[in-house]
$ cat work.csv   # CSV, C-alpha atoms (C1' of nucleotides)
chain,number,residue,atom,x,y,z
A,1,MET,CA,23.0,13.2,-16.1
A,2,GLY,CA,23.0,12.8,-12.3
A,3,THR,CA,22.1,16.4,-11.7
A,4,ARG,CA,19.6,17.3,-9.0
A,5,TYR,CA,16.6,19.4,-9.8
A,6,HIS,CA,17.3,23.1,-9.9
A,7,GLY,CA,14.2,25.2,-9.9
A,8,LYS,CA,12.9,28.5,-8.6
A,9,PRO,CA,13.6,29.2,-4.9
A,10,ASP,CA,10.0,28.7,-3.8
A,11,GLU,CA,9.9,25.3,-5.6
A,12,VAL,CA,13.1,24.2,-4.1
A,13,ARG,CA,11.9,25.1,-0.7
A,14,ALA,CA,8.5,23.5,-1.0
A,15,LEU,CA,9.9,20.4,-2.6
A,16,ASN,CA,12.5,20.1,0.1
A,17,ALA,CA,9.9,20.3,2.9
A,18,PHE,CA,7.8,17.8,1.0
A,19,ILE,CA,10.5,15.2,0.6
A,20,LYS,CA,11.6,15.6,4.2
A,21,LEU,CA,8.1,15.2,5.4
A,22,MET,CA,7.6,12.1,3.3
A,23,ARG,CA,10.9,10.5,4.3
A,24,ALA,CA,10.3,11.1,8.0
A,25,THR,CA,6.8,9.6,7.8
A,26,ASP,CA,8.2,6.6,5.8
A,27,SER,CA,10.9,6.0,8.4
A,28,ILE,CA,8.6,6.2,11.4
A,29,SER,CA,5.9,4.0,9.7
A,30,ALA,CA,8.5,1.4,8.8
A,31,GLU,CA,9.8,1.3,12.4
A,32,LEU,CA,6.4,1.1,14.0
A,33,SER,CA,5.2,-1.5,11.4
A,34,ARG,CA,8.1,-3.7,12.3
A,35,HIS,CA,7.1,-3.9,15.9
A,36,VAL,CA,3.4,-4.1,15.4
A,37,GLY,CA,4.2,-6.9,13.0
A,38,GLU,CA,5.9,-8.8,15.8
A,39,ALA,CA,2.4,-9.1,17.3
A,40,GLY,CA,1.0,-10.4,14.1
A,41,LEU,CA,-0.7,-7.2,13.1
A,42,THR,CA,-0.3,-4.6,10.4
A,43,LEU,CA,-0.4,-0.9,11.0
A,44,GLY,CA,-3.8,-0.6,9.3
A,45,GLN,CA,-5.2,-3.3,11.6
A,46,PHE,CA,-3.6,-1.7,14.6
A,47,GLY,CA,-5.2,1.6,13.7
A,48,VAL,CA,-8.6,0.2,13.6
A,49,LEU,CA,-8.2,-1.6,16.9
A,50,GLU,CA,-6.8,1.5,18.5
A,51,ALA,CA,-9.7,3.7,17.3
A,52,LEU,CA,-12.2,1.1,18.6
A,53,LEU,CA,-10.4,1.0,22.0
A,54,HIS,CA,-10.2,4.8,22.5
A,55,LEU,CA,-13.4,5.9,20.8
A,56,GLY,CA,-15.7,2.9,21.3
A,57,PRO,CA,-17.6,0.9,18.7
A,58,MET,CA,-18.4,2.8,15.5
A,59,SER,CA,-19.6,2.2,11.9
A,60,GLN,CA,-17.3,1.4,9.1
A,61,GLY,CA,-18.0,4.7,7.6
A,62,ASP,CA,-16.8,6.5,10.7
A,63,LEU,CA,-13.7,4.3,10.9
A,64,GLY,CA,-12.9,5.4,7.3
A,65,ALA,CA,-13.4,9.1,8.2
A,66,LYS,CA,-11.2,8.8,11.4
A,67,LEU,CA,-8.4,6.9,9.6
A,68,LEU,CA,-8.6,8.7,6.3
A,69,ARG,CA,-9.2,5.5,4.4
A,70,SER,CA,-11.6,4.5,1.7
A,71,GLY,CA,-14.7,2.5,2.5
A,72,SER,CA,-13.5,-0.5,0.5
A,73,ASN,CA,-10.3,-0.4,2.5
A,74,ILE,CA,-12.1,-0.5,5.8
A,75,THR,CA,-14.2,-3.4,4.6
A,76,THR,CA,-11.0,-5.4,3.8
A,77,VAL,CA,-9.2,-4.6,7.0
A,78,VAL,CA,-12.3,-5.4,9.1
A,79,ASP,CA,-12.7,-8.6,7.2
A,80,ASN,CA,-9.2,-9.6,8.2
A,81,LEU,CA,-9.6,-8.5,11.8
A,82,GLU,CA,-12.9,-10.5,11.9
A,83,LYS,CA,-11.1,-13.6,10.6
A,84,LEU,CA,-8.6,-13.1,13.5
A,85,GLY,CA,-11.5,-12.9,15.9
A,86,LEU,CA,-10.4,-9.5,17.1
A,87,VAL,CA,-13.6,-7.5,16.1
A,88,GLU,CA,-17.2,-8.3,15.3
A,89,ARG,CA,-19.7,-6.7,13.0
A,90,THR,CA,-23.3,-5.9,13.9
A,91,ARG,CA,-25.8,-4.7,11.4
A,92,ARG,CA,-27.5,-1.7,13.0
A,93,GLN,CA,-31.2,-2.3,13.6
A,94,ASP,CA,-32.6,1.2,13.0
A,95,ASP,CA,-30.6,1.6,9.8
A,96,ARG,CA,-29.7,-1.7,8.2
A,97,ARG,CA,-27.3,-0.1,5.8
A,98,VAL,CA,-24.8,0.6,8.6
A,99,VAL,CA,-22.4,-2.0,10.0
A,100,ASP,CA,-21.1,-1.3,13.5
A,101,VAL,CA,-17.7,-2.7,14.4
A,102,ALA,CA,-16.7,-3.5,18.0
A,103,LEU,CA,-13.8,-5.1,19.7
A,104,THR,CA,-14.2,-8.7,20.9
A,105,PRO,CA,-12.8,-9.5,24.3
A,106,LYS,CA,-9.8,-11.1,22.6
A,107,GLY,CA,-9.4,-7.9,20.5
A,108,ARG,CA,-9.7,-5.7,23.5
A,109,THR,CA,-7.2,-7.6,25.5
A,110,LEU,CA,-4.7,-7.6,22.6
A,111,ILE,CA,-4.9,-3.9,21.8
A,112,ALA,CA,-4.9,-2.9,25.4
A,113,ARG,CA,-1.8,-4.9,25.9
A,114,LEU,CA,0.0,-3.5,22.8
A,115,PHE,CA,-0.9,0.1,22.9
A,116,PRO,CA,1.2,1.2,25.9
A,117,THR,CA,4.3,-0.2,24.3
A,118,HIS,CA,3.4,1.4,21.0
A,119,ALA,CA,2.9,4.8,22.7
A,120,ARG,CA,6.2,4.5,24.5
A,121,ARG,CA,7.9,3.7,21.2
A,122,ILE,CA,6.4,6.9,19.6
A,123,VAL,CA,7.6,8.9,22.6
A,124,ARG,CA,11.1,7.5,22.1
A,125,LEU,CA,11.1,8.1,18.3
A,126,PHE,CA,10.0,11.7,18.9
A,127,SER,CA,12.5,12.3,21.7
A,128,ALA,CA,14.9,13.5,19.0
A,129,LEU,CA,12.8,16.7,19.2
A,130,THR,CA,12.4,18.9,22.2
A,131,ALA,CA,8.9,19.3,23.7
A,132,ALA,CA,8.6,22.7,22.1
A,133,ASN,CA,9.7,21.3,18.7
A,134,GLN,CA,7.2,18.5,18.9
A,135,ARG,CA,4.4,21.0,19.5
A,136,GLN,CA,5.7,23.1,16.6
A,137,LEU,CA,5.8,20.1,14.3
A,138,ALA,CA,2.2,19.2,15.3
A,139,ASP,CA,1.2,22.8,14.6
A,140,LEU,CA,2.8,23.0,11.2
A,141,CYS,CA,1.4,19.6,10.2
A,142,ARG,CA,-2.1,20.6,11.4
A,143,THR,CA,-2.0,23.8,9.4
A,144,LEU,CA,-0.7,22.0,6.4
A,145,GLY,CA,-3.1,19.1,6.6
A,146,ARG,CA,-6.1,21.3,7.2
A,147,SER,CA,-5.3,23.5,4.2
A,148,VAL,CA,-4.8,20.5,1.9
A,149,SER,CA,-8.1,18.8,2.8
A,150,GLU,CA,-10.0,22.1,2.7
A,151,THR,CA,-8.7,23.7,-0.5
A,152,GLY,CA,-8.4,20.2,-2.1
A,153,GLY,CA,-7.8,20.2,-5.8
A,154,ASP,CA,-8.6,23.7,-7.0
A,155,GLY,CA,-6.5,26.7,-6.4
B,1,MET,CA,-16.9,4.2,25.4
B,2,GLY,CA,-16.0,7.2,23.2
B,3,THR,CA,-13.3,8.4,25.5
B,4,ARG,CA,-10.1,9.7,24.0
B,5,TYR,CA,-6.8,8.5,25.2
B,6,HIS,CA,-5.5,10.2,28.3
B,7,GLY,CA,-1.9,9.5,29.1
B,8,LYS,CA,1.1,11.1,30.5
B,9,PRO,CA,1.9,14.6,29.1
B,10,ASP,CA,4.9,13.4,27.1
B,11,GLU,CA,2.9,10.7,25.6
B,12,VAL,CA,0.0,13.0,24.7
B,13,ARG,CA,2.5,15.4,23.1
B,14,ALA,CA,4.4,12.8,21.1
B,15,LEU,CA,1.2,11.0,20.0
B,16,ASN,CA,-0.3,14.3,18.9
B,17,ALA,CA,2.7,15.2,16.8
B,18,PHE,CA,2.7,11.7,15.4
B,19,ILE,CA,-1.0,11.7,14.4
B,20,LYS,CA,-0.7,15.2,12.9
B,21,LEU,CA,2.3,14.2,10.9
B,22,MET,CA,0.6,11.1,9.6
B,23,ARG,CA,-2.6,12.9,8.7
B,24,ALA,CA,-0.8,15.7,6.9
B,25,THR,CA,1.2,13.2,4.9
B,26,ASP,CA,-1.9,11.2,4.1
B,27,SER,CA,-3.8,14.3,2.8
B,28,ILE,CA,-0.9,15.5,0.7
B,29,SER,CA,-0.3,12.0,-0.8
B,30,ALA,CA,-4.0,11.6,-1.6
B,31,GLU,CA,-4.1,14.9,-3.3
B,32,LEU,CA,-0.9,14.3,-5.4
B,33,SER,CA,-2.0,10.8,-6.2
B,34,ARG,CA,-5.2,12.0,-7.6
B,35,HIS,CA,-3.5,14.3,-10.1
B,36,VAL,CA,-0.7,11.9,-11.0
B,37,GLY,CA,-3.4,9.3,-11.5
B,38,GLU,CA,-5.0,11.5,-14.2
B,39,ALA,CA,-1.9,10.9,-16.2
B,40,GLY,CA,-2.2,7.2,-15.7
B,41,LEU,CA,0.6,6.9,-13.2
B,42,THR,CA,0.7,6.0,-9.5
B,43,LEU,CA,2.8,7.9,-7.0
B,44,GLY,CA,5.3,5.0,-6.8
B,45,GLN,CA,5.7,5.0,-10.6
B,46,PHE,CA,6.0,8.8,-10.6
B,47,GLY,CA,8.7,8.6,-8.0
B,48,VAL,CA,10.8,6.2,-10.0
B,49,LEU,CA,10.5,8.3,-13.2
B,50,GLU,CA,11.4,11.5,-11.3
B,51,ALA,CA,14.5,9.9,-9.7
B,52,LEU,CA,15.6,8.8,-13.1
B,53,LEU,CA,15.0,12.2,-14.7
B,54,HIS,CA,16.8,14.2,-12.0
B,55,LEU,CA,19.6,11.7,-11.1
B,56,GLY,CA,20.1,9.8,-14.3
B,57,PRO,CA,20.0,6.0,-14.8
B,58,MET,CA,20.7,3.9,-11.8
B,59,SER,CA,20.5,0.3,-10.5
B,60,GLN,CA,17.3,-1.0,-8.9
B,61,GLY,CA,19.2,-1.2,-5.6
B,62,ASP,CA,20.0,2.5,-5.8
B,63,LEU,CA,16.4,3.3,-6.6
B,64,GLY,CA,15.2,1.4,-3.5
B,65,ALA,CA,17.7,3.3,-1.4
B,66,LYS,CA,16.7,6.7,-2.8
B,67,LEU,CA,12.9,6.0,-2.5
B,68,LEU,CA,13.1,4.1,0.8
B,69,ARG,CA,11.5,1.0,-0.7
B,70,SER,CA,12.3,-2.7,-0.6
B,71,GLY,CA,14.0,-4.4,-3.5
B,72,SER,CA,11.0,-6.5,-4.4
B,73,ASN,CA,8.9,-3.4,-4.5
B,74,ILE,CA,11.3,-1.7,-7.0
B,75,THR,CA,11.2,-4.9,-9.1
B,76,THR,CA,7.4,-4.7,-9.2
B,77,VAL,CA,7.2,-1.0,-10.0
B,78,VAL,CA,9.9,-1.2,-12.7
B,79,ASP,CA,8.0,-4.2,-14.2
B,80,ASN,CA,4.9,-2.1,-14.6
B,81,LEU,CA,6.9,0.9,-15.9
B,82,GLU,CA,8.6,-1.4,-18.4
B,83,LYS,CA,5.2,-2.8,-19.6
B,84,LEU,CA,4.1,0.8,-20.2
B,85,GLY,CA,7.3,1.4,-22.2
B,86,LEU,CA,8.5,4.2,-19.9
B,87,VAL,CA,11.7,2.6,-18.7
B,88,GLU,CA,14.1,0.0,-19.9
B,89,ARG,CA,16.3,-2.5,-18.0
B,90,THR,CA,19.9,-3.2,-18.9
B,91,ARG,CA,22.0,-5.9,-17.2
B,92,ARG,CA,25.3,-4.3,-16.2
B,93,GLN,CA,28.2,-5.9,-18.1
B,94,ASP,CA,30.9,-5.6,-15.5
B,95,ASP,CA,28.6,-7.0,-12.8
B,96,ARG,CA,25.8,-9.1,-14.1
B,97,ARG,CA,23.9,-9.1,-10.8
B,98,VAL,CA,23.0,-5.5,-11.3
B,99,VAL,CA,20.1,-4.2,-13.4
B,100,ASP,CA,20.3,-0.6,-14.5
B,101,VAL,CA,17.1,1.3,-15.1
B,102,ALA,CA,16.8,4.2,-17.6
B,103,LEU,CA,14.1,6.3,-19.0
B,104,THR,CA,13.0,5.5,-22.6
B,105,PRO,CA,12.4,8.6,-24.8
B,106,LYS,CA,8.7,8.1,-24.2
B,107,GLY,CA,9.3,8.0,-20.4
B,108,ARG,CA,11.5,11.0,-20.5
B,109,THR,CA,9.0,13.0,-22.5
B,110,LEU,CA,6.2,12.1,-20.1
B,111,ILE,CA,7.9,12.8,-16.8
B,112,ALA,CA,9.5,16.0,-18.2
B,113,ARG,CA,6.0,17.1,-19.1
B,114,LEU,CA,4.4,16.1,-15.8
B,115,PHE,CA,7.0,17.2,-13.3
B,116,PRO,CA,6.6,21.0,-13.6
B,117,THR,CA,2.9,20.8,-12.9
B,118,HIS,CA,3.6,18.4,-10.0
B,119,ALA,CA,6.2,20.8,-8.5
B,120,ARG,CA,3.8,23.8,-8.8
B,121,ARG,CA,1.1,21.7,-7.1
B,122,ILE,CA,3.4,21.0,-4.2
B,123,VAL,CA,4.3,24.7,-4.0
B,124,ARG,CA,0.6,25.5,-3.8
B,125,LEU,CA,-0.1,22.9,-1.1
B,126,PHE,CA,2.7,24.1,1.0
B,127,SER,CA,1.7,27.8,0.5
B,128,ALA,CA,-0.4,27.4,3.7
B,129,LEU,CA,2.9,27.8,5.4
B,130,THR,CA,5.3,30.8,5.2
B,131,ALA,CA,8.7,30.3,3.7
B,132,ALA,CA,10.2,30.3,7.2
B,133,ASN,CA,7.7,27.7,8.4
B,134,GLN,CA,8.4,25.5,5.4
B,135,ARG,CA,12.1,25.6,6.3
B,136,GLN,CA,11.3,24.9,9.9
B,137,LEU,CA,9.1,21.9,9.0
B,138,ALA,CA,11.8,20.5,6.7
B,139,ASP,CA,14.3,20.9,9.5
B,140,LEU,CA,12.1,19.2,12.1
B,141,CYS,CA,11.4,16.3,9.7
B,142,ARG,CA,15.0,16.0,8.8
B,143,THR,CA,16.0,15.7,12.5
B,144,LEU,CA,13.2,13.3,13.2
B,145,GLY,CA,13.8,11.1,10.2
B,146,ARG,CA,17.5,11.0,10.7
B,147,SER,CA,17.1,10.0,14.3
B,148,VAL,CA,14.7,7.2,13.5
B,149,SER,CA,16.7,5.7,10.8
B,150,GLU,CA,19.9,5.9,12.8
B,151,THR,CA,18.8,4.7,16.2
B,152,GLY,CA,16.3,2.2,14.6
B,153,GLY,CA,14.8,-0.3,16.9
B,154,ASP,CA,16.9,-0.3,20.0
B,155,GLY,CA,16.9,2.5,22.5
C,1,DC,C1',-47.7,5.2,-3.2
C,2,DA,C1',-44.1,4.7,-6.7
C,3,DT,C1',-40.1,6.2,-8.6
C,4,DT,C1',-35.8,8.4,-7.9
C,5,DA,C1',-31.9,9.8,-5.4
C,6,DA,C1',-28.7,9.3,-1.7
C,7,DT,C1',-26.2,6.4,1.6
C,8,DA,C1',-23.5,2.4,3.4
C,9,DC,C1',-21.3,-1.3,2.4
C,10,DT,C1',-19.3,-5.1,-0.7
C,11,DT,C1',-16.9,-6.9,-4.7
C,12,DC,C1',-13.7,-6.6,-8.4
C,13,DG,C1',-9.5,-5.5,-10.7
C,14,DA,C1',-5.1,-3.5,-10.4
C,15,DA,C1',-1.0,-1.5,-8.1
C,16,DT,C1',1.8,-1.1,-4.0
C,17,DT,C1',4.2,-2.9,-0.3
C,18,DC,C1',6.3,-6.1,2.8
C,19,DT,C1',9.0,-10.5,4.3
C,20,DA,C1',10.8,-14.8,3.2
C,21,DA,C1',12.6,-17.9,0.0
C,22,DT,C1',15.1,-18.6,-4.4
C,23,DA,C1',18.4,-17.9,-8.3
C,24,DA,C1',22.4,-15.8,-10.3
C,25,DT,C1',26.6,-13.7,-9.8
C,26,DT,C1',30.6,-11.9,-7.6
C,27,DA,C1',34.0,-11.6,-3.8
C,28,DG,C1',36.6,-13.7,-0.2
C,29,DA,C1',38.9,-17.4,2.3
C,30,DA,C1',40.8,-21.9,2.8
D,1,DT,C1',41.3,-22.9,-7.3
D,2,DT,C1',37.4,-24.3,-4.9
D,3,DC,C1',34.1,-23.6,-1.4
D,4,DT,C1',31.7,-20.3,1.1
D,5,DA,C1',29.9,-15.3,1.9
D,6,DA,C1',27.8,-11.6,0.4
D,7,DT,C1',25.3,-9.0,-3.0
D,8,DT,C1',21.6,-8.2,-6.5
D,9,DA,C1',17.5,-9.2,-8.3
D,10,DT,C1',13.2,-12.1,-8.8
D,11,DT,C1',9.3,-14.8,-7.2
D,12,DA,C1',5.6,-16.2,-4.0
D,13,DG,C1',2.2,-15.1,-0.8
D,14,DA,C1',-0.3,-11.9,2.0
D,15,DA,C1',-2.2,-7.4,3.3
D,16,DT,C1',-3.2,-2.7,2.0
D,17,DT,C1',-5.1,0.6,-0.8
D,18,DC,C1',-7.7,2.8,-4.4
D,19,DG,C1',-11.6,3.6,-7.8
D,20,DA,C1',-15.5,1.9,-10.1
D,21,DA,C1',-19.3,-0.9,-10.3
D,22,DG,C1',-22.9,-3.4,-7.9
D,23,DT,C1',-26.3,-4.4,-3.9
D,24,DA,C1',-29.2,-3.2,-0.2
D,25,DT,C1',-31.4,0.0,2.4
D,26,DT,C1',-33.3,4.5,3.5
D,27,DA,C1',-34.8,9.2,2.2
D,28,DA,C1',-37.0,12.4,-0.8
D,29,DT,C1',-39.8,13.6,-4.6
D,30,DG,C1',-43.6,13.5,-7.6

$ encode --input "work.csv" --output "structure tokens"
Amino acid sequence: MGTRYHGKPDEVRALNAFIKLMRATDSISAELSRHVGEAGLTLGQFGVLEALLHLGPMSQGDLGAKLLRSGSNITTVVDNLEKLGLVERTRRQDDRRVVDVALTPKGRTLIARLFPTHARRIVRLFSALTAANQRQLADLCRTLGRSVSETGGDG
Amino acid sequence: MGTRYHGKPDEVRALNAFIKLMRATDSISAELSRHVGEAGLTLGQFGVLEALLHLGPMSQGDLGAKLLRSGSNITTVVDNLEKLGLVERTRRQDDRRVVDVALTPKGRTLIARLFPTHARRIVRLFSALTAANQRQLADLCRTLGRSVSETGGDG
DNA sequence: CATTAATACTTCGAATTCTAATAATTAGAA
DNA sequence: TTCTAATTATTAGAATTCGAAGTATTAATG
């Protein structure tokens, strides 16, 4: 009772990296969510607005691919952003299956105002790491993420 | 208009590390969620069962602290696990505010069966990194996570 | 051309997750 | 001891998130 998991060295090592990764992400998300929430937005909504600001209007499918979210999720989040008057949907004329999403002036003003603060907050959170360590972390995460999404389930 | 964000170097660096971190975590979570889901569990439920297996029975408050989740979230997840007959609640006698959560035999059997596969899966996902790189990643995430939860909002 | 298959989105049901408000219990202070 | 604080858990309401099923549209096949 109350004993930690003792496994093989390679399991302990991977599980430790895994749990640290998850906890760091959780902490950062919670912190950013708190401040985005002060502006009346969720992180998911913020992510959509930011993608539209920096990449321009795009279909819901592309949004899902960019943000690694399911199609039904994008539908829901865009629904809520539309209710808030921050984005608008346009059915594409040359392919009426596709729905393009674009910022409204109100949405553009809001995200353009919020993003700089958000970016500075991320700089501050990551300032616990040196520049070299930030690059190293990005590199390790890129390798890891790429491998996971490529090899997927089988192996 | 389809232009990526161009900011100051320190912003670009931190934002890049941030997005890589988030994407890696998302990919890994999705992959693990898929397989845990085959056993009829969510990642949140799995996390509670695993904590109870490796650390023994504990209060809902302690579960929330271990898993970095809110109290109301733990209430909900434990509700669902209780419906599935995998955990049981006991009101603590010497402090009747506290609810202790423990695995039922059924819950213990299930998580004890699932965990080894889960652990091997994590080892496989992280095998894209060398042992040294896994330790490095854990170290960077520990530093980052600790800094975030300590310094919190102000800075 | 007609049928079938693939694509893009929506809807539905369920679980997660949060904050805020509430209830129950315990601890501390007057 | 009695009133007030603080602690622990639950409930309510909203948003996120998923997978599966359904709809509309387009592409491909016969």

$ residues_around --input "work.csv" --residues "C:DT4" --least-positions-apart "3" --cutoff "12 Å" --atoms "only C-alpha atoms (C1' of nucleotides)" --output "PyMOL selection string"
chain D and resi 27-30

$ interface_residues --input "work.csv" --of "chain A" --to "chain C" --cutoff "9 Å" --atoms "all atoms listed in the file" --output "list in words"
Gln60, Gly61, Gly71, Ser72, Thr75, Arg96, Arg97, Val98 and Val99 of chain A

$ atom_distance --input "work.csv" --atom1 "atom CA of B:Val77" --atom2 "atom CA of B:Gln45"
6.2 Å

$ atom_distance --input "work.csv" --atom1 "atom CA of A:Leu21" --atom2 "atom CA of B:Leu144"
9.5 Å

$ atom_distance --input "work.csv" --atom1 "atom CA of A:Leu43" --atom2 "atom CA of A:Leu140"
24.1 Å

$ residues_around --input "work.csv" --residues "A:Val12" --least-positions-apart "2" --cutoff "12 Å" --atoms "all atoms listed in the file" --output "mmCIF file with C-alpha atoms, keeping the file's coordinate frame"
data_model
loop_
_atom_site.group_PDB
_atom_site.id
_atom_site.type_symbol
_atom_site.label_atom_id
_atom_site.label_comp_id
_atom_site.auth_asym_id
_atom_site.auth_seq_id
_atom_site.Cartn_x
_atom_site.Cartn_y
_atom_site.Cartn_z
ATOM 1 C CA ARG A 4 19.600 17.300 -9.000
ATOM 2 C CA TYR A 5 16.600 19.400 -9.800
ATOM 3 C CA HIS A 6 17.300 23.100 -9.900
ATOM 4 C CA GLY A 7 14.200 25.200 -9.900
ATOM 5 C CA LYS A 8 12.900 28.500 -8.600
ATOM 6 C CA PRO A 9 13.600 29.200 -4.900
ATOM 7 C CA ASP A 10 10.000 28.700 -3.800
ATOM 8 C CA ALA A 14 8.500 23.500 -1.000
ATOM 9 C CA LEU A 15 9.900 20.400 -2.600
ATOM 10 C CA ASN A 16 12.500 20.100 0.100
ATOM 11 C CA ALA A 17 9.900 20.300 2.900
ATOM 12 C CA PHE A 18 7.800 17.800 1.000
ATOM 13 C CA ILE A 19 10.500 15.200 0.600
ATOM 14 C CA PRO B 116 6.600 21.000 -13.600
ATOM 15 C CA ALA B 119 6.200 20.800 -8.500
ATOM 16 C CA ARG B 120 3.800 23.800 -8.800
ATOM 17 C CA ILE B 122 3.400 21.000 -4.200
ATOM 18 C CA VAL B 123 4.300 24.700 -4.000
ATOM 19 C CA PHE B 126 2.700 24.100 1.000
ATOM 20 C CA ALA B 131 8.700 30.300 3.700
ATOM 21 C CA GLN B 134 8.400 25.500 5.400
ATOM 22 C CA ARG B 135 12.100 25.600 6.300
ATOM 23 C CA ALA B 138 11.800 20.500 6.700
#

$ closest_residue --input "work.csv" --among "A:Ala65, A:Val78, A:Ala39, A:Ile28" --to "chain D" --atoms "all atoms listed in the file"
A:Val78

$ interface_residues --input "work.csv" --of "chain A" --to "chain D" --cutoff "8 Å" --atoms "all atoms listed in the file" --output "PyMOL selection string"
chain A and resi 42+44+70+73+95-97

$ write_last_selection --input "work.csv" --atoms "C-alpha atoms" --output "mmCIF file, in the frame of the given file"
data_model
loop_
_atom_site.group_PDB
_atom_site.id
_atom_site.type_symbol
_atom_site.label_atom_id
_atom_site.label_comp_id
_atom_site.auth_asym_id
_atom_site.auth_seq_id
_atom_site.Cartn_x
_atom_site.Cartn_y
_atom_site.Cartn_z
ATOM 1 C CA THR A 42 -0.300 -4.600 10.400
ATOM 2 C CA GLY A 44 -3.800 -0.600 9.300
ATOM 3 C CA SER A 70 -11.600 4.500 1.700
ATOM 4 C CA ASN A 73 -10.300 -0.400 2.500
ATOM 5 C CA ASP A 95 -30.600 1.600 9.800
ATOM 6 C CA ARG A 96 -29.700 -1.700 8.200
ATOM 7 C CA ARG A 97 -27.300 -0.100 5.800
#

$ closest_residue --input "work.csv" --among "A:Arg113, A:His35, A:His118, A:His54" --to "chain B" --atoms "all atoms listed in the file"
A:His54

$ axis_aligned_box --input "work.csv" --around "stretch 138-150 of chain A" --padding-each-side "6 Å" --output "lines of an AutoDock Vina configuration file"
center_x = -3.6
center_y = 21.3
center_z = 8.6
size_x = 24.8
size_y = 17.0
size_z = 25.4

$ decode --input "work.csv" --residues "stretch 86-109 of chain B" --atoms "C-alpha atoms" --output "mmCIF file, in the first residue's frame"
data_model
loop_
_atom_site.group_PDB
_atom_site.id
_atom_site.type_symbol
_atom_site.label_atom_id
_atom_site.label_comp_id
_atom_site.auth_asym_id
_atom_site.auth_seq_id
_atom_site.Cartn_x
_atom_site.Cartn_y
_atom_site.Cartn_z
ATOM 1 C CA LEU B 86 -14.296 -0.154 -10.159
ATOM 2 C CA VAL B 87 -13.864 1.967 -7.024
ATOM 3 C CA GLU B 88 -15.720 2.495 -3.775
ATOM 4 C CA ARG B 89 -16.140 5.519 -1.553
ATOM 5 C CA THR B 90 -15.831 5.494 2.211
ATOM 6 C CA ARG B 91 -16.554 8.456 4.400
ATOM 7 C CA ARG B 92 -13.683 8.804 6.811
ATOM 8 C CA GLN B 93 -14.787 8.257 10.409
ATOM 9 C CA ASP B 94 -12.417 10.604 12.213
ATOM 10 C CA ASP B 95 -13.136 13.415 9.722
ATOM 11 C CA ARG B 96 -16.477 13.061 8.061
ATOM 12 C CA ARG B 97 -15.730 15.741 5.464
ATOM 13 C CA VAL B 98 -13.235 13.435 3.766
ATOM 14 C CA VAL B 99 -14.172 10.710 1.275
ATOM 15 C CA ASP B 100 -11.600 7.982 0.758
ATOM 16 C CA VAL B 101 -11.530 6.203 -2.576
ATOM 17 C CA ALA B 102 -10.291 2.634 -2.966
ATOM 18 C CA LEU B 103 -10.173 0.076 -5.754
ATOM 19 C CA THR B 104 -12.740 -2.700 -5.664
ATOM 20 C CA PRO B 105 -11.432 -6.197 -6.459
ATOM 21 C CA LYS B 106 -12.880 -5.736 -9.928
ATOM 22 C CA GLY B 107 -11.116 -2.398 -10.322
ATOM 23 C CA ARG B 108 -7.843 -3.767 -9.050
ATOM 24 C CA THR B 109 -7.972 -6.704 -11.418
#
